[in-house]
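Colleague: Sharing start_19.pdb here; it has PDB, C-alpha atoms.
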```pdb
ATOM      1  CA  MET T  22      73.559  94.005 -35.189  1.00  0.00           C
ATOM      2  CA  THR T  23      73.134  90.254 -34.970  1.00  0.00           C
ATOM      3  CA  ALA T  24      70.748  88.486 -32.728  1.00  0.00           C
ATOM      4  CA  GLU T  25      72.164  86.553 -29.824  1.00  0.00           C
ATOM      5  CA  PRO T  26      71.598  82.799 -30.181  1.00  0.00           C
ATOM      6  CA  LEU T  27      68.932  81.440 -27.891  1.00  0.00           C
ATOM      7  CA  HIS T  28      70.485  79.115 -25.334  1.00  0.00           C
ATOM      8  CA  THR T  29      67.960  76.829 -23.786  1.00  0.00           C
ATOM      9  CA  SER T  30      69.150  73.935 -21.728  1.00  0.00           C
ATOM     10  CA  TRP T  31      66.689  71.085 -21.801  1.00  0.00           C
ATOM     11  CA  PRO T  32      67.074  68.237 -19.381  1.00  0.00           C
ATOM     12  CA  VAL T  33      68.540  65.106 -20.919  1.00  0.00           C
ATOM     13  CA  PRO T  34      66.094  62.229 -20.510  1.00  0.00           C
ATOM     14  CA  PRO T  35      67.205  59.175 -18.571  1.00  0.00           C
ATOM     15  CA  PRO T  36      67.767  56.016 -20.672  1.00  0.00           C
ATOM     16  CA  ASP T  37      64.451  54.499 -19.502  1.00  0.00           C
ATOM     17  CA  GLY T  38      62.539  57.778 -19.792  1.00  0.00           C
ATOM     18  CA  TYR T  39      61.186  60.106 -17.158  1.00  0.00           C
ATOM     19  CA  THR T  40      59.074  59.024 -14.201  1.00  0.00           C
ATOM     20  CA  VAL T  41      56.250  60.736 -12.336  1.00  0.00           C
ATOM     21  CA  ASP T  42      58.761  61.746  -9.655  1.00  0.00           C
ATOM     22  CA  ASP T  43      60.871  63.450 -12.340  1.00  0.00           C
ATOM     23  CA  LEU T  44      57.818  65.308 -13.650  1.00  0.00           C
ATOM     24  CA  PHE T  45      57.194  66.839 -10.241  1.00  0.00           C
ATOM     25  CA  ASN T  46      60.828  67.502  -9.371  1.00  0.00           C
ATOM     26  CA  LEU T  47      62.437  68.841 -12.573  1.00  0.00           C
ATOM     27  CA  PRO T  48      62.857  72.595 -12.228  1.00  0.00           C
ATOM     28  CA  ASP T  49      61.417  75.138 -14.650  1.00  0.00           C
ATOM     29  CA  LEU T  50      59.172  72.881 -16.725  1.00  0.00           C
ATOM     30  CA  PRO T  51      56.576  74.834 -18.707  1.00  0.00           C
ATOM     31  CA  PRO T  52      53.039  74.885 -17.275  1.00  0.00           C
ATOM     32  CA  HIS T  53      50.834  71.933 -18.203  1.00  0.00           C
ATOM     33  CA  THR T  54      53.722  69.603 -19.049  1.00  0.00           C
ATOM     34  CA  GLU T  55      52.493  66.006 -19.333  1.00  0.00           C
ATOM     35  CA  LEU T  56      54.296  62.678 -19.002  1.00  0.00           C
ATOM     36  CA  ILE T  57      53.379  60.128 -21.674  1.00  0.00           C
ATOM     37  CA  ASP T  58      55.302  56.858 -21.872  1.00  0.00           C
ATOM     38  CA  GLY T  59      58.254  58.407 -20.053  1.00  0.00           C
ATOM     39  CA  SER T  60      58.457  61.428 -22.382  1.00  0.00           C
ATOM     40  CA  LEU T  61      57.753  65.021 -21.415  1.00  0.00           C
ATOM     41  CA  VAL T  62      55.046  66.584 -23.596  1.00  0.00           C
ATOM     42  CA  PHE T  63      54.771  70.372 -23.750  1.00  0.00           C
ATOM     43  CA  VAL T  64      51.446  72.011 -24.558  1.00  0.00           C
ATOM     44  CA  SER T  65      51.149  74.529 -27.401  1.00  0.00           C
ATOM     45  CA  PRO T  66      49.020  77.674 -27.200  1.00  0.00           C
ATOM     46  CA  GLN T  67      45.332  76.765 -27.532  1.00  0.00           C
ATOM     47  CA  ARG T  68      42.653  77.915 -29.981  1.00  0.00           C
ATOM     48  CA  ASP T  69      39.682  80.001 -28.865  1.00  0.00           C
ATOM     49  CA  PHE T  70      37.446  76.956 -29.394  1.00  0.00           C
ATOM     50  CA  HIS T  71      39.459  74.947 -26.856  1.00  0.00           C
ATOM     51  CA  THR T  72      39.035  77.568 -24.144  1.00  0.00           C
ATOM     52  CA  LEU T  73      35.320  78.095 -24.792  1.00  0.00           C
ATOM     53  CA  ALA T  74      34.533  74.366 -24.949  1.00  0.00           C
ATOM     54  CA  MET T  75      36.377  73.790 -21.675  1.00  0.00           C
ATOM     55  CA  TYR T  76      34.594  76.698 -19.989  1.00  0.00           C
ATOM     56  CA  LEU T  77      31.156  75.576 -21.220  1.00  0.00           C
ATOM     57  CA  LEU T  78      31.659  71.970 -20.106  1.00  0.00           C
ATOM     58  CA  GLU T  79      33.285  72.911 -16.817  1.00  0.00           C
ATOM     59  CA  ALA T  80      30.396  75.251 -15.945  1.00  0.00           C
ATOM     60  CA  GLY T  81      27.863  72.574 -16.906  1.00  0.00           C
ATOM     61  CA  LEU T  82      29.607  69.897 -14.862  1.00  0.00           C
ATOM     62  CA  ARG T  83      29.955  72.162 -11.819  1.00  0.00           C
ATOM     63  CA  ARG T  84      26.262  73.042 -12.033  1.00  0.00           C
ATOM     64  CA  THR T  85      25.185  69.387 -11.911  1.00  0.00           C
ATOM     65  CA  VAL T  86      27.933  67.504 -10.032  1.00  0.00           C
ATOM     66  CA  PRO T  87      26.706  65.657  -6.917  1.00  0.00           C
ATOM     67  CA  ASP T  88      28.352  66.317  -3.533  1.00  0.00           C
ATOM     68  CA  GLU T  89      30.412  63.115  -3.653  1.00  0.00           C
ATOM     69  CA  PHE T  90      32.368  64.352  -6.694  1.00  0.00           C
ATOM     70  CA  ARG T  91      34.562  67.329  -7.575  1.00  0.00           C
ATOM     71  CA  VAL T  92      35.352  68.924 -10.956  1.00  0.00           C
ATOM     72  CA  ARG T  93      38.930  69.920 -11.728  1.00  0.00           C
ATOM     73  CA  ARG T  94      40.537  71.611 -14.719  1.00  0.00           C
ATOM     74  CA  GLU T  95      43.989  70.765 -16.114  1.00  0.00           C
ATOM     75  CA  MET T  96      45.254  68.708 -13.182  1.00  0.00           C
ATOM     76  CA  THR T  97      47.749  65.859 -13.490  1.00  0.00           C
ATOM     77  CA  VAL T  98      46.431  62.302 -13.142  1.00  0.00           C
ATOM     78  CA  VAL T  99      48.981  59.635 -12.259  1.00  0.00           C
ATOM     79  CA  LEU T 100      48.244  56.523 -14.335  1.00  0.00           C
ATOM     80  CA  GLY T 101      51.479  54.703 -13.543  1.00  0.00           C
ATOM     81  CA  PRO T 102      55.186  55.323 -12.987  1.00  0.00           C
ATOM     82  CA  ARG T 103      55.785  56.679 -16.529  1.00  0.00           C
ATOM     83  CA  ASN T 104      52.390  58.201 -17.370  1.00  0.00           C
ATOM     84  CA  ALA T 105      50.902  61.354 -15.867  1.00  0.00           C
ATOM     85  CA  PRO T 106      48.710  63.186 -18.394  1.00  0.00           C
ATOM     86  CA  GLU T 107      46.713  66.293 -17.663  1.00  0.00           C
ATOM     87  CA  PRO T 108      43.107  65.931 -18.850  1.00  0.00           C
ATOM     88  CA  ASP T 109      41.439  69.189 -19.834  1.00  0.00           C
ATOM     89  CA  LEU T 110      38.705  68.443 -17.290  1.00  0.00           C
ATOM     90  CA  LEU T 111      38.138  65.655 -14.829  1.00  0.00           C
ATOM     91  CA  VAL T 112      35.579  64.566 -12.291  1.00  0.00           C
ATOM     92  CA  LEU T 113      36.911  62.778  -9.243  1.00  0.00           C
ATOM     93  CA  ARG T 114      35.749  61.432  -5.922  1.00  0.00           C
ATOM     94  CA  ALA T 115      35.532  64.204  -3.300  1.00  0.00           C
ATOM     95  CA  GLU T 116      37.696  62.304  -0.799  1.00  0.00           C
ATOM     96  CA  ALA T 117      40.610  62.457  -3.278  1.00  0.00           C
ATOM     97  CA  VAL T 118      40.919  66.199  -2.636  1.00  0.00           C
ATOM     98  CA  ARG T 119      43.314  66.499   0.308  1.00  0.00           C
ATOM     99  CA  GLY T 120      44.263  70.166   0.170  1.00  0.00           C
ATOM    100  CA  ARG T 121      44.741  73.303  -1.907  1.00  0.00           C
ATOM    101  CA  LYS T 122      48.446  72.576  -2.505  1.00  0.00           C
ATOM    102  CA  GLN T 123      47.684  69.234  -4.149  1.00  0.00           C
ATOM    103  CA  THR T 124      49.259  68.892  -7.623  1.00  0.00           C
ATOM    104  CA  ARG T 125      48.024  65.464  -8.764  1.00  0.00           C
ATOM    105  CA  TYR T 126      45.356  62.833  -8.426  1.00  0.00           C
ATOM    106  CA  GLU T 127      45.488  59.061  -8.756  1.00  0.00           C
ATOM    107  CA  ALA T 128      43.661  57.313 -11.608  1.00  0.00           C
ATOM    108  CA  ALA T 129      41.625  55.277  -9.102  1.00  0.00           C
ATOM    109  CA  ASP T 130      39.993  58.507  -7.872  1.00  0.00           C
ATOM    110  CA  VAL T 131      38.938  59.740 -11.334  1.00  0.00           C
ATOM    111  CA  VAL T 132      35.402  59.056 -12.560  1.00  0.00           C
ATOM    112  CA  LEU T 133      35.569  61.036 -15.833  1.00  0.00           C
ATOM    113  CA  ALA T 134      38.466  62.311 -17.959  1.00  0.00           C
ATOM    114  CA  LEU T 135      37.701  64.802 -20.718  1.00  0.00           C
ATOM    115  CA  GLU T 136      39.920  65.924 -23.599  1.00  0.00           C
ATOM    116  CA  VAL T 137      39.222  68.776 -26.028  1.00  0.00           C
ATOM    117  CA  VAL T 138      41.030  67.942 -29.273  1.00  0.00           C
ATOM    118  CA  SER T 139      43.671  70.441 -30.384  1.00  0.00           C
ATOM    119  CA  PRO T 140      45.577  70.441 -33.691  1.00  0.00           C
ATOM    120  CA  ASP T 141      48.891  69.679 -31.960  1.00  0.00           C
ATOM    121  CA  SER T 142      47.477  66.863 -29.829  1.00  0.00           C
ATOM    122  CA  GLU T 143      45.011  65.043 -32.092  1.00  0.00           C
ATOM    123  CA  ASP T 144      46.750  61.649 -31.890  1.00  0.00           C
ATOM    124  CA  ARG T 145      47.277  61.887 -28.128  1.00  0.00           C
ATOM    125  CA  ASP T 146      43.688  63.036 -27.475  1.00  0.00           C
ATOM    126  CA  ARG T 147      42.011  60.529 -29.815  1.00  0.00           C
ATOM    127  CA  ASP T 148      44.242  57.490 -29.337  1.00  0.00           C
ATOM    128  CA  THR T 149      47.020  57.543 -26.753  1.00  0.00           C
ATOM    129  CA  LYS T 150      45.228  59.119 -23.809  1.00  0.00           C
ATOM    130  CA  PRO T 151      41.934  57.184 -24.109  1.00  0.00           C
ATOM    131  CA  ARG T 152      43.846  53.883 -24.243  1.00  0.00           C
ATOM    132  CA  LYS T 153      45.846  54.844 -21.170  1.00  0.00           C
ATOM    133  CA  TYR T 154      42.802  56.141 -19.263  1.00  0.00           C
ATOM    134  CA  ALA T 155      40.958  52.903 -20.013  1.00  0.00           C
ATOM    135  CA  ALA T 156      43.900  50.706 -19.009  1.00  0.00           C
ATOM    136  CA  ALA T 157      44.078  52.648 -15.719  1.00  0.00           C
ATOM    137  CA  GLY T 158      40.385  51.895 -15.064  1.00  0.00           C
ATOM    138  CA  ILE T 159      38.873  55.382 -15.426  1.00  0.00           C
ATOM    139  CA  PRO T 160      35.158  54.595 -15.946  1.00  0.00           C
ATOM    140  CA  HIS T 161      34.175  57.453 -18.301  1.00  0.00           C
ATOM    141  CA  PHE T 162      35.914  59.383 -21.059  1.00  0.00           C
ATOM    142  CA  TRP T 163      34.658  62.273 -23.200  1.00  0.00           C
ATOM    143  CA  LEU T 164      36.311  63.499 -26.385  1.00  0.00           C
ATOM    144  CA  VAL T 165      35.299  66.980 -27.540  1.00  0.00           C
ATOM    145  CA  GLU T 166      35.764  68.035 -31.170  1.00  0.00           C
ATOM    146  CA  MET T 167      34.935  71.178 -33.132  1.00  0.00           C
ATOM    147  CA  ALA T 168      32.400  70.486 -35.883  1.00  0.00           C
ATOM    148  CA  GLY T 169      30.134  72.128 -38.417  1.00  0.00           C
ATOM    149  CA  GLU T 170      30.009  75.552 -39.997  1.00  0.00           C
ATOM    150  CA  ARG T 171      29.307  77.191 -36.641  1.00  0.00           C
ATOM    151  CA  GLU T 172      32.222  75.352 -35.026  1.00  0.00           C
ATOM    152  CA  HIS T 173      30.179  73.956 -32.149  1.00  0.00           C
ATOM    153  CA  PRO T 174      31.548  71.406 -29.709  1.00  0.00           C
ATOM    154  CA  VAL T 175      30.562  67.810 -30.382  1.00  0.00           C
ATOM    155  CA  VAL T 176      30.989  65.518 -27.381  1.00  0.00           C
ATOM    156  CA  HIS T 177      31.731  61.814 -27.894  1.00  0.00           C
ATOM    157  CA  THR T 178      30.975  59.945 -24.666  1.00  0.00           C
ATOM    158  CA  TYR T 179      32.548  56.605 -23.756  1.00  0.00           C
ATOM    159  CA  GLU T 180      32.169  54.118 -20.925  1.00  0.00           C
ATOM    160  CA  LEU T 181      34.748  51.588 -19.805  1.00  0.00           C
ATOM    161  CA  ASP T 182      34.120  47.938 -20.594  1.00  0.00           C
ATOM    162  CA  PRO T 183      35.699  46.279 -17.544  1.00  0.00           C
ATOM    163  CA  VAL T 184      36.253  42.985 -19.394  1.00  0.00           C
ATOM    164  CA  THR T 185      38.252  44.409 -22.306  1.00  0.00           C
ATOM    165  CA  LYS T 186      39.624  47.442 -20.384  1.00  0.00           C
ATOM    166  CA  SER T 187      38.694  49.590 -23.376  1.00  0.00           C
ATOM    167  CA  TYR T 188      36.090  52.271 -23.995  1.00  0.00           C
ATOM    168  CA  ALA T 189      32.805  51.682 -25.782  1.00  0.00           C
ATOM    169  CA  ILE T 190      31.053  54.686 -27.285  1.00  0.00           C
ATOM    170  CA  THR T 191      27.782  55.584 -25.579  1.00  0.00           C
ATOM    171  CA  GLY T 192      26.829  58.624 -27.662  1.00  0.00           C
ATOM    172  CA  ILE T 193      27.723  61.519 -29.932  1.00  0.00           C
ATOM    173  CA  HIS T 194      26.163  64.766 -28.728  1.00  0.00           C
ATOM    174  CA  HIS T 195      25.858  67.710 -31.123  1.00  0.00           C
ATOM    175  CA  GLU T 196      23.544  70.318 -29.603  1.00  0.00           C
ATOM    176  CA  ARG T 197      22.764  69.037 -26.136  1.00  0.00           C
ATOM    177  CA  LEU T 198      24.740  66.808 -23.792  1.00  0.00           C
ATOM    178  CA  LYS T 199      22.107  65.016 -21.724  1.00  0.00           C
ATOM    179  CA  LEU T 200      23.243  61.983 -19.699  1.00  0.00           C
ATOM    180  CA  THR T 201      22.426  60.031 -16.572  1.00  0.00           C
ATOM    181  CA  VAL T 202      25.936  58.598 -16.035  1.00  0.00           C
ATOM    182  CA  PRO T 203      28.266  59.188 -14.304  1.00  0.00           C
ATOM    183  CA  PHE T 204      25.534  61.490 -12.916  1.00  0.00           C
ATOM    184  CA  THR T 205      22.657  63.512 -14.353  1.00  0.00           C
ATOM    185  CA  ILE T 206      24.080  66.072 -16.784  1.00  0.00           C
ATOM    186  CA  ASP T 207      22.305  68.490 -19.122  1.00  0.00           C
ATOM    187  CA  ILE T 208      24.468  70.992 -21.034  1.00  0.00           C
ATOM    188  CA  ASP T 209      23.338  73.092 -23.996  1.00  0.00           C
ATOM    189  CA  LEU T 210      26.331  72.867 -26.344  1.00  0.00           C
ATOM    190  CA  THR T 211      25.019  75.680 -28.539  1.00  0.00           C
ATOM    191  CA  GLN T 212      25.675  78.144 -25.695  1.00  0.00           C
ATOM    192  CA  VAL T 213      29.202  78.422 -27.043  1.00  0.00           C
ATOM    193  CA  ASP T 214      27.694  80.895 -29.566  1.00  0.00           C
ATOM    194  CA  HIS T 215      27.005  83.349 -26.732  1.00  0.00           C
ATOM    195  CA  MET T 216      30.430  83.276 -25.124  1.00  0.00           C
TER
END
```
Would you write the structure of this file as structure tokens?
Modeller:
Amino acid sequence: MTAEPLHTSWPVPPPDGYTVDDLFNLPDLPPHTELIDGSLVFVSPQRDFHTLAMYLLEAGLRRTVPDEFRVRREMTVVLGPRNAPEPDLLVLRAEAVRGRKQTRYEAADVVLALEVVSPDSEDRDRDTKPRKYAAAGIPHFWLVEMAGEREHPVVHTYELDPVTKSYAITGIHHERLKLTVPFTIDIDLTQVDHM
């Protein structure tokens, strides 16, 4: 008995690449598909670390977020006509939330974009996405990496320099993430051991 060949029909990209409208209108795209420079990017299965780091940071942000902001997980952010990434976590202005059927937010509404680095997305998480978030004017960016023997999250925090439209590092947090911007935050990063 021979196996039947797998027939998958992928959409053929337009000559100038996909647009945000295409991203939201193409049928049957896998969950968490991103649009980067007009190309569709599909997400691979994640490591345990990725899930735990996201949960820890999301819980910490939700615990401390002021009323004028909202925390969202894995939601598309429109940066321009050919770029719509999906940060792992984001903090946005409360007025940007218009309803439960909403599928995207505009870059102007985002205060913080956060990416947890995965093996399949290292270049995008460390280089491509931060450059695009900065160019779109998102004031804060956090990059989360796994480090050390105990594989704890390490959070690199960045703030936008409005003159250069690029991020400047404001800290590297190993055991505790304690900040006053974009609001007061205090998260024990070692709690990942108890999850």
Colleague: Mind giving me the straight-line distance from atom CA of Val138 of chain T to atom CA of Met167 of chain T in Å, one decimal?
Modeller: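 Separation of atom CA of Val138 of chain T and atom CA of Met167 of chain T: 7.9 Å.
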Colleague: Could you tell me which of T:Leu61, T:Ile193, T:Ala134, T:Leu77 comes closest to Met216 of chain T if we count all atoms listed in the file?
Modeller: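 Using all atoms listed in the file, Met216 of chain T sits closest to T:Leu77.
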Colleague: Contacts of Val176 of chain T at 7 Å or less, counting only C-alpha atoms, minus same-chain residues fewer than 4 places along, as a list in words?
Modeller: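 Using only C-alpha atoms, the neighbours found are Trp163, Leu164, Val165, Glu166, Ile193, His194 and His195 of chain T.
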Colleague: Carefully work through the PyMOL selection byres ((chain T and resi 81) around 10) for this structure and note down the residues it includes, as a PyMOL selection string.
Modeller: chain T and resi 75-80+82-86+198+206-210
Colleague: Figure out the distance between atom CA of Val112 of chain T and atom CA of Val92 of chain T, please, to one decimal in Å.
Modeller: 4.6 Å
Colleague: Smallest atom-to-atom distance to Val98 of chain T: which of T:Leu73, T:Val64, T:Leu135, T:Ala128, using all atoms listed in the file?
Modeller: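 The shortest atom-to-atom distance to Val98 of chain T comes from T:Ala128.
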Colleague: Counting all atoms listed in the file, what is within 10 Å of Arg68 of chain T, bar same-chain residues fewer than 3 positions away, as a list of chain:residue names?
Modeller: T:Ser65, T:His71, T:Thr72, T:Leu73, T:Ser139, T:Pro140
Colleague: If the PyMOL selection byres ((chain T and resi 63) around 10) is run on the structure shown, which residues does it catch, given as a list in words?
Modeller: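 That expression, the PyMOL selection byres ((chain T and resi 63) around 10), corresponds here to Leu50, Pro51, Pro52, His53, Thr54, Glu55, Leu56, Ser60, Leu61, Val62, Val64, Ser65 and Pro66 of chain T.
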Colleague: Within 9 Å of (37.2, 51.6, -23.9) in the file's own coordinates, which protein, DNA or RNA residues have an atom, counting all atoms listed in the file? List them as a list in words.
Modeller: Pro151, Arg152, Tyr154, Ala155, Ala156, Pro160, His161, Phe162, Tyr179, Glu180, Leu181, Asp182, Pro183, Thr185, Lys186, Ser187, Tyr188, Ala189 and Ile190 of chain T
Colleague: As a PDB file, in the frame of the given file, could you write out segment 192-214 of chain T once it has been completed with N, CA and C atoms?
Modeller:
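Saved as result-v8.pdb:
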```pdb
ATOM      1  N   GLY T 192      27.596  57.592 -26.975  1.00  0.00           N
ATOM      2  CA  GLY T 192      26.829  58.624 -27.662  1.00  0.00           C
ATOM      3  C   GLY T 192      27.702  59.673 -28.316  1.00  0.00           C
ATOM      4  N   ILE T 193      27.097  60.369 -29.285  1.00  0.00           N
ATOM      5  CA  ILE T 193      27.723  61.519 -29.932  1.00  0.00           C
ATOM      6  C   ILE T 193      26.710  62.649 -29.809  1.00  0.00           C
ATOM      7  N   HIS T 194      27.091  63.701 -29.101  1.00  0.00           N
ATOM      8  CA  HIS T 194      26.163  64.766 -28.728  1.00  0.00           C
ATOM      9  C   HIS T 194      26.536  66.054 -29.449  1.00  0.00           C
ATOM     10  N   HIS T 195      25.585  66.546 -30.288  1.00  0.00           N
ATOM     11  CA  HIS T 195      25.858  67.710 -31.123  1.00  0.00           C
ATOM     12  C   HIS T 195      25.343  69.019 -30.531  1.00  0.00           C
ATOM     13  N   GLU T 196      24.116  69.060 -30.100  1.00  0.00           N
ATOM     14  CA  GLU T 196      23.544  70.318 -29.603  1.00  0.00           C
ATOM     15  C   GLU T 196      23.297  70.305 -28.104  1.00  0.00           C
ATOM     16  N   ARG T 197      23.054  69.137 -27.561  1.00  0.00           N
ATOM     17  CA  ARG T 197      22.764  69.037 -26.136  1.00  0.00           C
ATOM     18  C   ARG T 197      23.435  67.779 -25.600  1.00  0.00           C
ATOM     19  N   LEU T 198      24.113  67.932 -24.470  1.00  0.00           N
ATOM     20  CA  LEU T 198      24.740  66.808 -23.792  1.00  0.00           C
ATOM     21  C   LEU T 198      23.847  66.459 -22.603  1.00  0.00           C
ATOM     22  N   LYS T 199      23.068  65.402 -22.761  1.00  0.00           N
ATOM     23  CA  LYS T 199      22.107  65.016 -21.724  1.00  0.00           C
ATOM     24  C   LYS T 199      22.366  63.555 -21.379  1.00  0.00           C
ATOM     25  N   LEU T 200      22.844  63.322 -20.136  1.00  0.00           N
ATOM     26  CA  LEU T 200      23.243  61.983 -19.699  1.00  0.00           C
ATOM     27  C   LEU T 200      22.733  61.698 -18.290  1.00  0.00           C
ATOM     28  N   THR T 201      22.743  60.431 -17.951  1.00  0.00           N
ATOM     29  CA  THR T 201      22.426  60.031 -16.572  1.00  0.00           C
ATOM     30  C   THR T 201      23.632  59.394 -15.884  1.00  0.00           C
ATOM     31  N   VAL T 202      24.716  59.141 -16.629  1.00  0.00           N
ATOM     32  CA  VAL T 202      25.936  58.598 -16.035  1.00  0.00           C
ATOM     33  C   VAL T 202      27.131  59.430 -16.481  1.00  0.00           C
ATOM     34  N   PRO T 203      28.106  59.679 -15.669  1.00  0.00           N
ATOM     35  CA  PRO T 203      28.266  59.188 -14.304  1.00  0.00           C
ATOM     36  C   PRO T 203      27.330  59.835 -13.289  1.00  0.00           C
ATOM     37  N   PHE T 204      26.607  60.893 -13.709  1.00  0.00           N
ATOM     38  CA  PHE T 204      25.534  61.490 -12.916  1.00  0.00           C
ATOM     39  C   PHE T 204      24.664  62.253 -13.907  1.00  0.00           C
ATOM     40  N   THR T 205      23.563  62.809 -13.453  1.00  0.00           N
ATOM     41  CA  THR T 205      22.657  63.512 -14.353  1.00  0.00           C
ATOM     42  C   THR T 205      23.307  64.808 -14.830  1.00  0.00           C
ATOM     43  N   ILE T 206      23.407  64.934 -16.151  1.00  0.00           N
ATOM     44  CA  ILE T 206      24.080  66.072 -16.784  1.00  0.00           C
ATOM     45  C   ILE T 206      23.193  66.574 -17.912  1.00  0.00           C
ATOM     46  N   ASP T 207      23.049  67.892 -18.023  1.00  0.00           N
ATOM     47  CA  ASP T 207      22.305  68.490 -19.122  1.00  0.00           C
ATOM     48  C   ASP T 207      22.997  69.810 -19.481  1.00  0.00           C
ATOM     49  N   ILE T 208      23.710  69.814 -20.616  1.00  0.00           N
ATOM     50  CA  ILE T 208      24.468  70.992 -21.034  1.00  0.00           C
ATOM     51  C   ILE T 208      24.076  71.344 -22.465  1.00  0.00           C
ATOM     52  N   ASP T 209      23.667  72.586 -22.666  1.00  0.00           N
ATOM     53  CA  ASP T 209      23.338  73.092 -23.996  1.00  0.00           C
ATOM     54  C   ASP T 209      24.645  73.459 -24.698  1.00  0.00           C
ATOM     55  N   LEU T 210      25.062  72.646 -25.651  1.00  0.00           N
ATOM     56  CA  LEU T 210      26.331  72.867 -26.344  1.00  0.00           C
ATOM     57  C   LEU T 210      26.300  74.055 -27.277  1.00  0.00           C
ATOM     58  N   THR T 211      25.106  74.514 -27.661  1.00  0.00           N
ATOM     59  CA  THR T 211      25.019  75.680 -28.539  1.00  0.00           C
ATOM     60  C   THR T 211      25.302  76.979 -27.788  1.00  0.00           C
ATOM     61  N   GLN T 212      25.382  76.936 -26.478  1.00  0.00           N
ATOM     62  CA  GLN T 212      25.675  78.144 -25.695  1.00  0.00           C
ATOM     63  C   GLN T 212      27.042  78.722 -26.025  1.00  0.00           C
ATOM     64  N   VAL T 213      27.880  77.933 -26.657  1.00  0.00           N
ATOM     65  CA  VAL T 213      29.202  78.422 -27.043  1.00  0.00           C
ATOM     66  C   VAL T 213      29.081  79.637 -27.976  1.00  0.00           C
ATOM     67  N   ASP T 214      27.933  79.746 -28.680  1.00  0.00           N
ATOM     68  CA  ASP T 214      27.694  80.895 -29.566  1.00  0.00           C
ATOM     69  C   ASP T 214      27.588  82.212 -28.796  1.00  0.00           C
TER      70      ASP T 214
END
```
